[in-house]
file query24.pdb (PDB, C-alpha atoms)
ATOM      1  CA  ILE A  25     -19.504 -49.079 -79.257  1.00  0.00           C
ATOM      2  CA  PRO A  26     -18.224 -45.844 -80.846  1.00  0.00           C
ATOM      3  CA  PHE A  27     -16.557 -46.300 -84.207  1.00  0.00           C
ATOM      4  CA  SER A  28     -13.787 -44.408 -85.912  1.00  0.00           C
ATOM      5  CA  ALA A  29     -15.154 -42.571 -88.901  1.00  0.00           C
ATOM      6  CA  ALA A  30     -11.787 -42.822 -90.629  1.00  0.00           C
ATOM      7  CA  ARG A  31     -11.338 -46.589 -90.702  1.00  0.00           C
ATOM      8  CA  GLY A  32     -14.620 -48.010 -89.446  1.00  0.00           C
ATOM      9  CA  LEU A  33     -12.889 -49.584 -86.443  1.00  0.00           C
ATOM     10  CA  PRO A  34     -13.800 -49.455 -82.778  1.00  0.00           C
ATOM     11  CA  LEU A  35     -12.134 -46.447 -81.188  1.00  0.00           C
ATOM     12  CA  HIS A  36      -9.770 -48.514 -79.009  1.00  0.00           C
ATOM     13  CA  LEU A  37      -8.605 -50.439 -82.089  1.00  0.00           C
ATOM     14  CA  ALA A  38      -8.094 -47.177 -83.958  1.00  0.00           C
ATOM     15  CA  HIS A  39      -5.948 -45.909 -81.081  1.00  0.00           C
ATOM     16  CA  MET A  40      -3.892 -49.108 -81.173  1.00  0.00           C
ATOM     17  CA  ARG A  41      -3.375 -48.734 -84.927  1.00  0.00           C
ATOM     18  CA  VAL A  42      -2.270 -45.116 -84.542  1.00  0.00           C
ATOM     19  CA  PHE A  43       0.092 -46.094 -81.736  1.00  0.00           C
ATOM     20  CA  SER A  44       1.501 -48.927 -83.866  1.00  0.00           C
ATOM     21  CA  PHE A  45       2.025 -46.504 -86.764  1.00  0.00           C
ATOM     22  CA  PHE A  46       3.986 -44.058 -84.591  1.00  0.00           C
ATOM     23  CA  LEU A  47       5.996 -46.905 -83.057  1.00  0.00           C
ATOM     24  CA  LYS A  48       7.005 -48.172 -86.504  1.00  0.00           C
ATOM     25  CA  THR A  49       7.843 -44.617 -87.591  1.00  0.00           C
ATOM     26  CA  GLU A  50      10.022 -44.130 -84.528  1.00  0.00           C
ATOM     27  CA  LYS A  51      11.902 -47.368 -85.243  1.00  0.00           C
ATOM     28  CA  LYS A  52      12.465 -46.299 -88.847  1.00  0.00           C
ATOM     29  CA  MET A  53      13.770 -42.918 -87.689  1.00  0.00           C
ATOM     30  CA  GLN A  54      16.115 -44.603 -85.222  1.00  0.00           C
ATOM     31  CA  ALA A  55      17.415 -46.840 -88.015  1.00  0.00           C
ATOM     32  CA  ILE A  56      17.968 -43.810 -90.267  1.00  0.00           C
ATOM     33  CA  LEU A  57      19.752 -41.900 -87.511  1.00  0.00           C
ATOM     34  CA  GLY A  58      21.852 -44.973 -86.709  1.00  0.00           C
ATOM     35  CA  SER A  59      22.861 -45.266 -90.355  1.00  0.00           C
ATOM     36  CA  PHE A  60      23.709 -41.568 -90.419  1.00  0.00           C
ATOM     37  CA  ALA A  61      25.867 -41.943 -87.297  1.00  0.00           C
ATOM     38  CA  ARG A  62      27.771 -44.842 -88.867  1.00  0.00           C
ATOM     39  CA  PHE A  63      28.236 -42.893 -92.098  1.00  0.00           C
ATOM     40  CA  ARG A  64      29.382 -39.856 -90.102  1.00  0.00           C
ATOM     41  CA  ASN A  65      31.984 -41.954 -88.285  1.00  0.00           C
ATOM     42  CA  VAL A  66      33.369 -43.254 -91.586  1.00  0.00           C
ATOM     43  CA  ILE A  67      33.622 -39.757 -93.100  1.00  0.00           C
ATOM     44  CA  VAL A  68      35.158 -38.172 -89.995  1.00  0.00           C
ATOM     45  CA  ALA A  69      37.668 -40.996 -89.475  1.00  0.00           C
ATOM     46  CA  GLY A  70      38.767 -40.919 -93.109  1.00  0.00           C
ATOM     47  CA  GLY A  71      38.940 -37.128 -93.240  1.00  0.00           C
ATOM     48  CA  LEU A  72      40.971 -36.821 -90.053  1.00  0.00           C
ATOM     49  CA  GLY A  73      43.279 -39.591 -91.267  1.00  0.00           C
ATOM     50  CA  LEU A  74      43.883 -37.666 -94.491  1.00  0.00           C
ATOM     51  CA  LEU A  75      44.484 -34.451 -92.558  1.00  0.00           C
ATOM     52  CA  GLY A  76      46.801 -36.219 -90.125  1.00  0.00           C
ATOM     53  CA  ASP A  77      48.908 -37.665 -92.908  1.00  0.00           C
ATOM     54  CA  GLY A  78      49.043 -34.253 -94.568  1.00  0.00           C
ATOM     55  CA  CYS A  79      50.412 -32.751 -91.342  1.00  0.00           C
ATOM     56  CA  CYS A  80      52.890 -35.620 -91.114  1.00  0.00           C
ATOM     57  CA  GLN A  81      54.164 -34.962 -94.629  1.00  0.00           C
ATOM     58  CA  VAL A  82      54.599 -31.279 -93.782  1.00  0.00           C
ATOM     59  CA  ILE A  83      56.611 -32.219 -90.687  1.00  0.00           C
ATOM     60  CA  GLU A  84      58.762 -34.500 -92.833  1.00  0.00           C
ATOM     61  CA  ARG A  85      59.315 -31.571 -95.251  1.00  0.00           C
ATOM     62  CA  ARG A  86      58.595 -33.653 -98.279  1.00  0.00           C
ATOM     63  CA  PRO A  87      59.253 -31.844-101.596  1.00  0.00           C
ATOM     64  CA  SER A  88      55.758 -32.709-102.857  1.00  0.00           C
ATOM     65  CA  TYR A  89      52.585 -34.142-101.425  1.00  0.00           C
ATOM     66  CA  ASP A  90      52.334 -37.938-101.718  1.00  0.00           C
ATOM     67  CA  SER A  91      48.654 -38.325-102.628  1.00  0.00           C
ATOM     68  CA  ARG A  92      48.852 -42.124-102.807  1.00  0.00           C
ATOM     69  CA  ARG A  93      50.130 -42.325 -99.257  1.00  0.00           C
ATOM     70  CA  GLY A  94      47.475 -39.878 -98.038  1.00  0.00           C
ATOM     71  CA  SER A  95      44.730 -41.818 -99.799  1.00  0.00           C
ATOM     72  CA  ALA A  96      45.964 -45.077 -98.257  1.00  0.00           C
ATOM     73  CA  ILE A  97      45.853 -43.611 -94.739  1.00  0.00           C
ATOM     74  CA  ALA A  98      42.409 -42.081 -95.342  1.00  0.00           C
ATOM     75  CA  CYS A  99      40.961 -45.321 -96.746  1.00  0.00           C
ATOM     76  CA  PHE A 100      42.348 -47.401 -93.903  1.00  0.00           C
ATOM     77  CA  ASN A 101      41.014 -45.050 -91.231  1.00  0.00           C
ATOM     78  CA  ALA A 102      37.595 -44.790 -92.877  1.00  0.00           C
ATOM     79  CA  VAL A 103      37.116 -48.548 -93.249  1.00  0.00           C
ATOM     80  CA  TYR A 104      38.884 -49.813 -90.136  1.00  0.00           C
ATOM     81  CA  LEU A 105      38.260 -47.075 -87.584  1.00  0.00           C
ATOM     82  CA  GLY A 106      35.061 -45.612 -88.971  1.00  0.00           C
ATOM     83  CA  ALA A 107      33.326 -48.934 -89.704  1.00  0.00           C
ATOM     84  CA  PHE A 108      35.044 -52.010 -88.247  1.00  0.00           C
ATOM     85  CA  VAL A 109      35.835 -50.570 -84.804  1.00  0.00           C
ATOM     86  CA  GLN A 110      32.158 -49.721 -84.252  1.00  0.00           C
ATOM     87  CA  TYR A 111      31.423 -53.449 -84.071  1.00  0.00           C
ATOM     88  CA  VAL A 112      34.558 -54.231 -82.052  1.00  0.00           C
ATOM     89  CA  PHE A 113      33.493 -51.765 -79.355  1.00  0.00           C
ATOM     90  CA  ARG A 114      30.122 -53.496 -79.032  1.00  0.00           C
ATOM     91  CA  VAL A 115      31.808 -56.760 -78.072  1.00  0.00           C
ATOM     92  CA  TYR A 116      33.701 -55.446 -75.030  1.00  0.00           C
ATOM     93  CA  PRO A 117      30.664 -54.743 -72.774  1.00  0.00           C
ATOM     94  CA  ARG A 118      29.337 -58.231 -73.562  1.00  0.00           C
ATOM     95  CA  VAL A 119      32.644 -59.794 -72.558  1.00  0.00           C
ATOM     96  CA  SER A 120      32.637 -57.753 -69.354  1.00  0.00           C
ATOM     97  CA  SER A 121      29.071 -58.832 -68.550  1.00  0.00           C
ATOM     98  CA  GLY A 122      29.956 -62.465 -69.214  1.00  0.00           C
ATOM     99  CA  LEU A 123      32.948 -62.279 -66.897  1.00  0.00           C
ATOM    100  CA  ALA A 124      30.834 -60.578 -64.247  1.00  0.00           C
ATOM    101  CA  LYS A 125      28.310 -63.412 -64.315  1.00  0.00           C
ATOM    102  CA  ARG A 126      31.021 -66.058 -64.372  1.00  0.00           C
ATOM    103  CA  PHE A 127      32.907 -64.681 -61.374  1.00  0.00           C
ATOM    104  CA  MET A 128      29.919 -63.012 -59.646  1.00  0.00           C
ATOM    105  CA  TRP A 129      31.473 -59.543 -59.566  1.00  0.00           C
ATOM    106  CA  ASN A 130      29.769 -56.776 -57.640  1.00  0.00           C
ATOM    107  CA  PRO A 131      27.339 -54.968 -60.030  1.00  0.00           C
ATOM    108  CA  ARG A 132      27.963 -51.733 -58.130  1.00  0.00           C
ATOM    109  CA  TYR A 133      31.218 -51.228 -60.045  1.00  0.00           C
ATOM    110  CA  GLU A 134      29.899 -52.223 -63.470  1.00  0.00           C
ATOM    111  CA  ARG A 135      31.021 -49.072 -65.290  1.00  0.00           C
ATOM    112  CA  ALA A 136      34.553 -49.188 -63.877  1.00  0.00           C
ATOM    113  CA  ARG A 137      34.748 -52.930 -64.555  1.00  0.00           C
ATOM    114  CA  THR A 138      33.646 -52.478 -68.164  1.00  0.00           C
ATOM    115  CA  SER A 139      36.233 -49.749 -68.636  1.00  0.00           C
ATOM    116  CA  ILE A 140      39.048 -51.926 -67.284  1.00  0.00           C
ATOM    117  CA  VAL A 141      38.031 -55.030 -69.250  1.00  0.00           C
ATOM    118  CA  ALA A 142      37.476 -53.120 -72.505  1.00  0.00           C
ATOM    119  CA  THR A 143      40.739 -51.190 -72.215  1.00  0.00           C
ATOM    120  CA  GLY A 144      42.646 -54.379 -71.415  1.00  0.00           C
ATOM    121  CA  ILE A 145      41.237 -56.362 -74.340  1.00  0.00           C
ATOM    122  CA  ASP A 146      41.603 -53.449 -76.732  1.00  0.00           C
ATOM    123  CA  ASN A 147      45.254 -52.785 -75.931  1.00  0.00           C
ATOM    124  CA  CYS A 148      46.466 -56.312 -75.179  1.00  0.00           C
ATOM    125  CA  VAL A 149      44.656 -58.237 -77.920  1.00  0.00           C
ATOM    126  CA  HIS A 150      43.047 -55.991 -80.523  1.00  0.00           C
ATOM    127  CA  VAL A 151      45.867 -53.457 -80.986  1.00  0.00           C
ATOM    128  CA  PRO A 152      48.957 -55.713 -81.204  1.00  0.00           C
ATOM    129  CA  PHE A 153      47.435 -58.646 -83.084  1.00  0.00           C
ATOM    130  CA  ILE A 154      44.783 -57.049 -85.311  1.00  0.00           C
ATOM    131  CA  TYR A 155      45.154 -53.269 -85.603  1.00  0.00           C
ATOM    132  CA  ILE A 156      48.935 -52.957 -86.030  1.00  0.00           C
ATOM    133  CA  PRO A 157      49.241 -55.784 -88.617  1.00  0.00           C
ATOM    134  CA  ALA A 158      46.176 -54.460 -90.464  1.00  0.00           C
ATOM    135  CA  PHE A 159      47.646 -50.941 -90.538  1.00  0.00           C
ATOM    136  CA  TYR A 160      51.039 -51.975 -91.872  1.00  0.00           C
ATOM    137  CA  GLY A 161      49.562 -54.467 -94.330  1.00  0.00           C
ATOM    138  CA  SER A 162      46.742 -52.333 -95.728  1.00  0.00           C
ATOM    139  CA  VAL A 163      48.576 -49.020 -95.914  1.00  0.00           C
ATOM    140  CA  GLY A 164      51.752 -50.614 -97.248  1.00  0.00           C
ATOM    141  CA  LEU A 165      50.007 -52.523-100.022  1.00  0.00           C
ATOM    142  CA  MET A 166      47.822 -49.547-100.985  1.00  0.00           C
ATOM    143  CA  GLN A 167      50.979 -47.427-101.246  1.00  0.00           C
ATOM    144  CA  GLY A 168      52.431 -49.948-103.682  1.00  0.00           C
ATOM    145  CA  ASP A 169      54.878 -51.722-101.382  1.00  0.00           C
ATOM    146  CA  SER A 170      55.576 -55.371-102.033  1.00  0.00           C
ATOM    147  CA  PHE A 171      54.335 -58.053 -99.656  1.00  0.00           C
ATOM    148  CA  GLN A 172      57.936 -58.745 -98.640  1.00  0.00           C
ATOM    149  CA  THR A 173      58.507 -55.069 -97.784  1.00  0.00           C
ATOM    150  CA  VAL A 174      55.291 -54.921 -95.780  1.00  0.00           C
ATOM    151  CA  ARG A 175      56.226 -58.050 -93.829  1.00  0.00           C
ATOM    152  CA  GLU A 176      59.722 -56.717 -93.120  1.00  0.00           C
ATOM    153  CA  ASN A 177      58.395 -53.332 -91.952  1.00  0.00           C
ATOM    154  CA  LEU A 178      55.907 -55.055 -89.661  1.00  0.00           C
ATOM    155  CA  ARG A 179      58.570 -57.390 -88.246  1.00  0.00           C
ATOM    156  CA  ARG A 180      60.987 -54.531 -87.616  1.00  0.00           C
ATOM    157  CA  GLN A 181      58.524 -52.015 -86.160  1.00  0.00           C
ATOM    158  CA  TRP A 182      55.790 -54.151 -84.574  1.00  0.00           C
ATOM    159  CA  TRP A 183      57.132 -54.035 -81.029  1.00  0.00           C
ATOM    160  CA  SER A 184      57.904 -50.309 -80.966  1.00  0.00           C
ATOM    161  CA  SER A 185      54.569 -49.443 -82.615  1.00  0.00           C
ATOM    162  CA  THR A 186      52.675 -51.618 -80.146  1.00  0.00           C
ATOM    163  CA  CYS A 187      54.403 -50.075 -77.122  1.00  0.00           C
ATOM    164  CA  GLN A 188      53.781 -46.554 -78.371  1.00  0.00           C
ATOM    165  CA  CYS A 189      50.180 -47.408 -79.197  1.00  0.00           C
ATOM    166  CA  VAL A 190      49.539 -48.820 -75.735  1.00  0.00           C
ATOM    167  CA  SER A 191      51.145 -45.826 -74.010  1.00  0.00           C
ATOM    168  CA  PHE A 192      48.932 -43.457 -76.020  1.00  0.00           C
ATOM    169  CA  TRP A 193      45.633 -45.337 -76.022  1.00  0.00           C
ATOM    170  CA  VAL A 194      45.423 -46.946 -72.567  1.00  0.00           C
ATOM    171  CA  PRO A 195      44.623 -43.718 -70.648  1.00  0.00           C
ATOM    172  CA  LEU A 196      42.433 -42.384 -73.436  1.00  0.00           C
ATOM    173  CA  GLN A 197      40.469 -45.609 -73.839  1.00  0.00           C
ATOM    174  CA  ALA A 198      40.056 -45.989 -70.089  1.00  0.00           C
ATOM    175  CA  PHE A 199      38.377 -42.568 -70.053  1.00  0.00           C
ATOM    176  CA  ASN A 200      36.445 -43.328 -73.245  1.00  0.00           C
ATOM    177  CA  PHE A 201      34.937 -46.595 -72.001  1.00  0.00           C
ATOM    178  CA  TYR A 202      34.236 -45.156 -68.545  1.00  0.00           C
ATOM    179  CA  ALA A 203      32.800 -41.709 -69.249  1.00  0.00           C
ATOM    180  CA  VAL A 204      31.588 -41.640 -72.879  1.00  0.00           C
ATOM    181  CA  ALA A 205      28.307 -43.100 -74.142  1.00  0.00           C
ATOM    182  CA  GLN A 206      28.752 -46.086 -76.446  1.00  0.00           C
ATOM    183  CA  ARG A 207      27.296 -44.282 -79.475  1.00  0.00           C
ATOM    184  CA  ASN A 208      29.979 -41.558 -79.193  1.00  0.00           C
ATOM    185  CA  ARG A 209      33.049 -43.695 -78.482  1.00  0.00           C
ATOM    186  CA  VAL A 210      34.077 -44.156 -82.096  1.00  0.00           C
ATOM    187  CA  MET A 211      33.883 -40.385 -82.637  1.00  0.00           C
ATOM    188  CA  VAL A 212      36.146 -39.769 -79.626  1.00  0.00           C
ATOM    189  CA  VAL A 213      38.628 -42.309 -80.970  1.00  0.00           C
ATOM    190  CA  ALA A 214      38.439 -40.757 -84.451  1.00  0.00           C
ATOM    191  CA  CYS A 215      39.339 -37.321 -83.072  1.00  0.00           C
ATOM    192  CA  ALA A 216      42.173 -38.653 -80.908  1.00  0.00           C
ATOM    193  CA  ASN A 217      43.295 -40.734 -83.851  1.00  0.00           C
ATOM    194  CA  PHE A 218      44.264 -37.540 -85.675  1.00  0.00           C
ATOM    195  CA  VAL A 219      47.184 -37.128 -83.255  1.00  0.00           C
ATOM    196  CA  TRP A 220      47.918 -40.836 -83.299  1.00  0.00           C
ATOM    197  CA  THR A 221      47.892 -40.971 -87.114  1.00  0.00           C
ATOM    198  CA  VAL A 222      50.570 -38.281 -87.281  1.00  0.00           C
ATOM    199  CA  TRP A 223      52.706 -40.165 -84.762  1.00  0.00           C
ATOM    200  CA  LEU A 224      52.273 -43.640 -86.236  1.00  0.00           C
ATOM    201  CA  ASP A 225      52.748 -42.290 -89.738  1.00  0.00           C
ATOM    202  CA  LEU A 226      56.070 -40.783 -88.675  1.00  0.00           C
ATOM    203  CA  VAL A 227      57.111 -44.111 -87.121  1.00  0.00           C
ATOM    204  CA  VAL A 228      56.154 -46.093 -90.239  1.00  0.00           C
ATOM    205  CA  HIS A 229      57.980 -43.733 -92.576  1.00  0.00           C
ATOM    206  CA  SER A 230      60.945 -43.011 -90.305  1.00  0.00           C
ATOM    207  CA  GLU A 231      63.010 -45.568 -92.218  1.00  0.00           C
ATOM    208  CA  PRO A 232      63.270 -46.017 -95.967  1.00  0.00           C
TER     209      PRO A 232
END
call {"tool": "encode", "arguments": {"input": "query24.pdb", "output": "structure tokens"}}
result
Amino acid sequence: IPFSAARGLPLHLAHMRVFSFFLKTEKKMQAILGSFARFRNVIVAGGLGLLGDGCCQVIERRPSYDSRRGSAIACFNAVYLGAFVQYVFRVYPRVSSGLAKRFMWNPRYERARTSIVATGIDNCVHVPFIYIPAFYGSVGLMQGDSFQTVRENLRRQWWSSTCQCVSFWVPLQAFNFYAVAQRNRVMVVACANFVWTVWLDLVVHSEP
């Protein structure tokens, strides 16, 4: 049996060891790239949130830039949209697959089904009951508002914010979940969120 001069192993075992080494290296590279993608999403989401709030303050014609407000928007977008939403988006396909098995849906329309289910859950459950309260609560408290003020703002503007959010995000998310690869969905949302941040920011600060 021929032996490998390098390790003193039979040649077929040497080949297996080399293959195992490259396989482990590939997995490590995928983990590094995955970490980079998550970090990129956080930076982009936070940066676009900061830019969006800056545009909003220009539209409002504020006498000076409110850095605390801008920082609050940027921090919320970076943590919530850049990090948390990545894991939320992974749940929707699993829910769709579970429903498909439960009701024996035709697998031919899997992509369209996933888009409909994900868009429905995102805009009927996630947005009104998690995202909107988290936005008002986090941004308000980071800006220095009292808990009572935050609760009153949320009570007064929850319905209008939810309706506007649904009207903006339903068509965009339907396209996102249907046509965009899962690894790029958060980035698409982060870019669209620039426009949404300006709009929601104006709604939140439309009243004293």
call {"tool": "residues_around", "arguments": {"input": "query24.pdb", "residues": "A:Ala198", "least_positions_apart": "2", "cutoff": "8 Å", "atoms": "only C-alpha atoms", "output": "list in words"}}
result
Ser139, Ile140, Ala142, Thr143, Val194, Pro195, Leu196, Asn200, Phe201 and Tyr202 of chain A
call {"tool": "resolve_selection", "arguments": {"input": "query24.pdb", "expression": "the PyMOL selection byres ((chain A and resi 135) around 12)", "output": "list in words"}}
result
Tyr116, Pro117, Ser120, Ser121, Ala124, Trp129, Asn130, Pro131, Arg132, Tyr133, Glu134, Ala136, Arg137, Thr138, Ser139, Ile140, Val141, Ala142, Ala198, Phe199, Asn200, Phe201, Tyr202, Ala203, Val204, Ala205 and Gln206 of chain A
call {"tool": "atom_distance", "arguments": {"input": "query24.pdb", "atom1": "atom CA of A:Leu75", "atom2": "atom CA of A:Val212"}}
result
16.3 Å
call {"tool": "atom_distance", "arguments": {"input": "query24.pdb", "atom1": "atom CA of A:Cys79", "atom2": "atom CA of A:Arg92"}}
result
14.9 Å
call {"tool": "atom_distance", "arguments": {"input": "query24.pdb", "atom1": "atom CA of A:Ile67", "atom2": "atom CA of A:Gly168"}}
result
23.9 Å
call {"tool": "resolve_selection", "arguments": {"input": "query24.pdb", "expression": "the PyMOL selection byres ((chain A and resi 158) around 12)", "output": "JSON, numbers by chain"}}
result
{"A": [97, 100, 101, 103, 104, 105, 108, 150, 151, 152, 153, 154, 155, 156, 157, 159, 160, 161, 162, 163, 164, 165, 166, 174, 175, 178, 182]}
call {"tool": "resolve_selection", "arguments": {"input": "query24.pdb", "expression": "the PyMOL selection byres ((chain A and resi 217) around 9)", "output": "number ranges by chain"}}
result
A: 69, 72-73, 76, 101, 105, 212-216, 218-222
call {"tool": "write_last_selection", "arguments": {"input": "query24.pdb", "atoms": "C-alpha atoms", "output": "PDB file, in the coordinates of the input"}}
result
ATOM      1  CA  ALA A  69      37.668 -40.996 -89.475  1.00  0.00           C
ATOM      2  CA  LEU A  72      40.971 -36.821 -90.053  1.00  0.00           C
ATOM      3  CA  GLY A  73      43.279 -39.591 -91.267  1.00  0.00           C
ATOM      4  CA  GLY A  76      46.801 -36.219 -90.125  1.00  0.00           C
ATOM      5  CA  ASN A 101      41.014 -45.050 -91.231  1.00  0.00           C
ATOM      6  CA  LEU A 105      38.260 -47.075 -87.584  1.00  0.00           C
ATOM      7  CA  VAL A 212      36.146 -39.769 -79.626  1.00  0.00           C
ATOM      8  CA  VAL A 213      38.628 -42.309 -80.970  1.00  0.00           C
ATOM      9  CA  ALA A 214      38.439 -40.757 -84.451  1.00  0.00           C
ATOM     10  CA  CYS A 215      39.339 -37.321 -83.072  1.00  0.00           C
ATOM     11  CA  ALA A 216      42.173 -38.653 -80.908  1.00  0.00           C
ATOM     12  CA  PHE A 218      44.264 -37.540 -85.675  1.00  0.00           C
ATOM     13  CA  VAL A 219      47.184 -37.128 -83.255  1.00  0.00           C
ATOM     14  CA  TRP A 220      47.918 -40.836 -83.299  1.00  0.00           C
ATOM     15  CA  THR A 221      47.892 -40.971 -87.114  1.00  0.00           C
ATOM     16  CA  VAL A 222      50.570 -38.281 -87.281  1.00  0.00           C
TER      17      VAL A 222
END
call {"tool": "closest_residue", "arguments": {"input": "query24.pdb", "among": "A:Cys80, A:Cys99, A:Gln172, A:Ser185", "to": "A:Val68", "atoms": "only C-alpha atoms"}}
result
A:Cys99
call {"tool": "residues_around", "arguments": {"input": "query24.pdb", "residues": "A:Ala98", "least_positions_apart": "5", "cutoff": "7 Å", "atoms": "all atoms listed in the file", "output": "MDAnalysis selection string"}}
result
chainID A and resid 70:71 73:74
call {"tool": "axis_aligned_box", "arguments": {"input": "query24.pdb", "around": "stretch 105-109 of chain A", "padding_each_side": "4 Å", "output": "JSON"}}
result
{"center_x": 35.8, "center_y": -48.8, "center_z": -87.3, "size_x": 12.9, "size_y": 14.4, "size_z": 12.9}
call {"tool": "decode", "arguments": {"input": "query24.pdb", "residues": "stretch 95-102 of chain A", "atoms": "all heavy atoms", "output": "PDB file, in the first residue's frame"}}
result
ATOM      1  N   SER A  95     -29.398  59.898  17.471  1.00  0.00           N
ATOM      2  CA  SER A  95     -28.734  58.731  18.049  1.00  0.00           C
ATOM      3  C   SER A  95     -29.747  57.670  18.468  1.00  0.00           C
ATOM      4  O   SER A  95     -29.497  56.469  18.321  1.00  0.00           O
ATOM      5  CB  SER A  95     -27.907  59.152  19.265  1.00  0.00           C
ATOM      6  OG  SER A  95     -26.913  60.081  18.889  1.00  0.00           O
ATOM      7  N   ALA A  96     -30.897  58.113  18.988  1.00  0.00           N
ATOM      8  CA  ALA A  96     -31.931  57.158  19.402  1.00  0.00           C
ATOM      9  C   ALA A  96     -32.464  56.379  18.201  1.00  0.00           C
ATOM     10  O   ALA A  96     -32.625  55.151  18.259  1.00  0.00           O
ATOM     11  CB  ALA A  96     -33.071  57.904  20.094  1.00  0.00           C
ATOM     12  N   ILE A  97     -32.735  57.100  17.109  1.00  0.00           N
ATOM     13  CA  ILE A  97     -33.222  56.436  15.888  1.00  0.00           C
ATOM     14  C   ILE A  97     -32.173  55.469  15.351  1.00  0.00           C
ATOM     15  O   ILE A  97     -32.479  54.328  14.964  1.00  0.00           O
ATOM     16  CB  ILE A  97     -33.581  57.484  14.815  1.00  0.00           C
ATOM     17  CG1 ILE A  97     -34.748  58.364  15.272  1.00  0.00           C
ATOM     18  CG2 ILE A  97     -33.919  56.803  13.488  1.00  0.00           C
ATOM     19  CD1 ILE A  97     -36.071  57.665  15.335  1.00  0.00           C
ATOM     20  N   ALA A  98     -30.908  55.911  15.314  1.00  0.00           N
ATOM     21  CA  ALA A  98     -29.836  55.066  14.782  1.00  0.00           C
ATOM     22  C   ALA A  98     -29.651  53.807  15.631  1.00  0.00           C
ATOM     23  O   ALA A  98     -29.508  52.702  15.094  1.00  0.00           O
ATOM     24  CB  ALA A  98     -28.531  55.859  14.723  1.00  0.00           C
ATOM     25  N   CYS A  99     -29.663  53.960  16.946  1.00  0.00           N
ATOM     26  CA  CYS A  99     -29.497  52.800  17.835  1.00  0.00           C
ATOM     27  C   CYS A  99     -30.647  51.815  17.686  1.00  0.00           C
ATOM     28  O   CYS A  99     -30.440  50.598  17.628  1.00  0.00           O
ATOM     29  CB  CYS A  99     -29.383  53.267  19.280  1.00  0.00           C
ATOM     30  SG  CYS A  99     -27.830  54.097  19.669  1.00  0.00           S
ATOM     31  N   PHE A 100     -31.870  52.343  17.616  1.00  0.00           N
ATOM     32  CA  PHE A 100     -33.017  51.456  17.471  1.00  0.00           C
ATOM     33  C   PHE A 100     -32.940  50.675  16.163  1.00  0.00           C
ATOM     34  O   PHE A 100     -33.142  49.454  16.133  1.00  0.00           O
ATOM     35  CB  PHE A 100     -34.324  52.249  17.518  1.00  0.00           C
ATOM     36  CG  PHE A 100     -35.541  51.405  17.244  1.00  0.00           C
ATOM     37  CD1 PHE A 100     -36.092  50.617  18.237  1.00  0.00           C
ATOM     38  CD2 PHE A 100     -36.114  51.376  15.976  1.00  0.00           C
ATOM     39  CE1 PHE A 100     -37.194  49.812  17.983  1.00  0.00           C
ATOM     40  CE2 PHE A 100     -37.209  50.584  15.713  1.00  0.00           C
ATOM     41  CZ  PHE A 100     -37.758  49.797  16.720  1.00  0.00           C
ATOM     42  N   ASN A 101     -32.654  51.373  15.070  1.00  0.00           N
ATOM     43  CA  ASN A 101     -32.589  50.699  13.771  1.00  0.00           C
ATOM     44  C   ASN A 101     -31.472  49.665  13.729  1.00  0.00           C
ATOM     45  O   ASN A 101     -31.645  48.574  13.164  1.00  0.00           O
ATOM     46  CB  ASN A 101     -32.379  51.728  12.660  1.00  0.00           C
ATOM     47  CG  ASN A 101     -33.675  52.409  12.257  1.00  0.00           C
ATOM     48  OD1 ASN A 101     -34.689  52.267  12.936  1.00  0.00           O
ATOM     49  ND2 ASN A 101     -33.659  53.156  11.174  1.00  0.00           N
ATOM     50  N   ALA A 102     -30.317  50.002  14.317  1.00  0.00           N
ATOM     51  CA  ALA A 102     -29.190  49.072  14.287  1.00  0.00           C
ATOM     52  C   ALA A 102     -29.511  47.797  15.055  1.00  0.00           C
ATOM     53  O   ALA A 102     -29.278  46.685  14.560  1.00  0.00           O
ATOM     54  CB  ALA A 102     -27.955  49.752  14.876  1.00  0.00           C
TER      55      ALA A 102
END
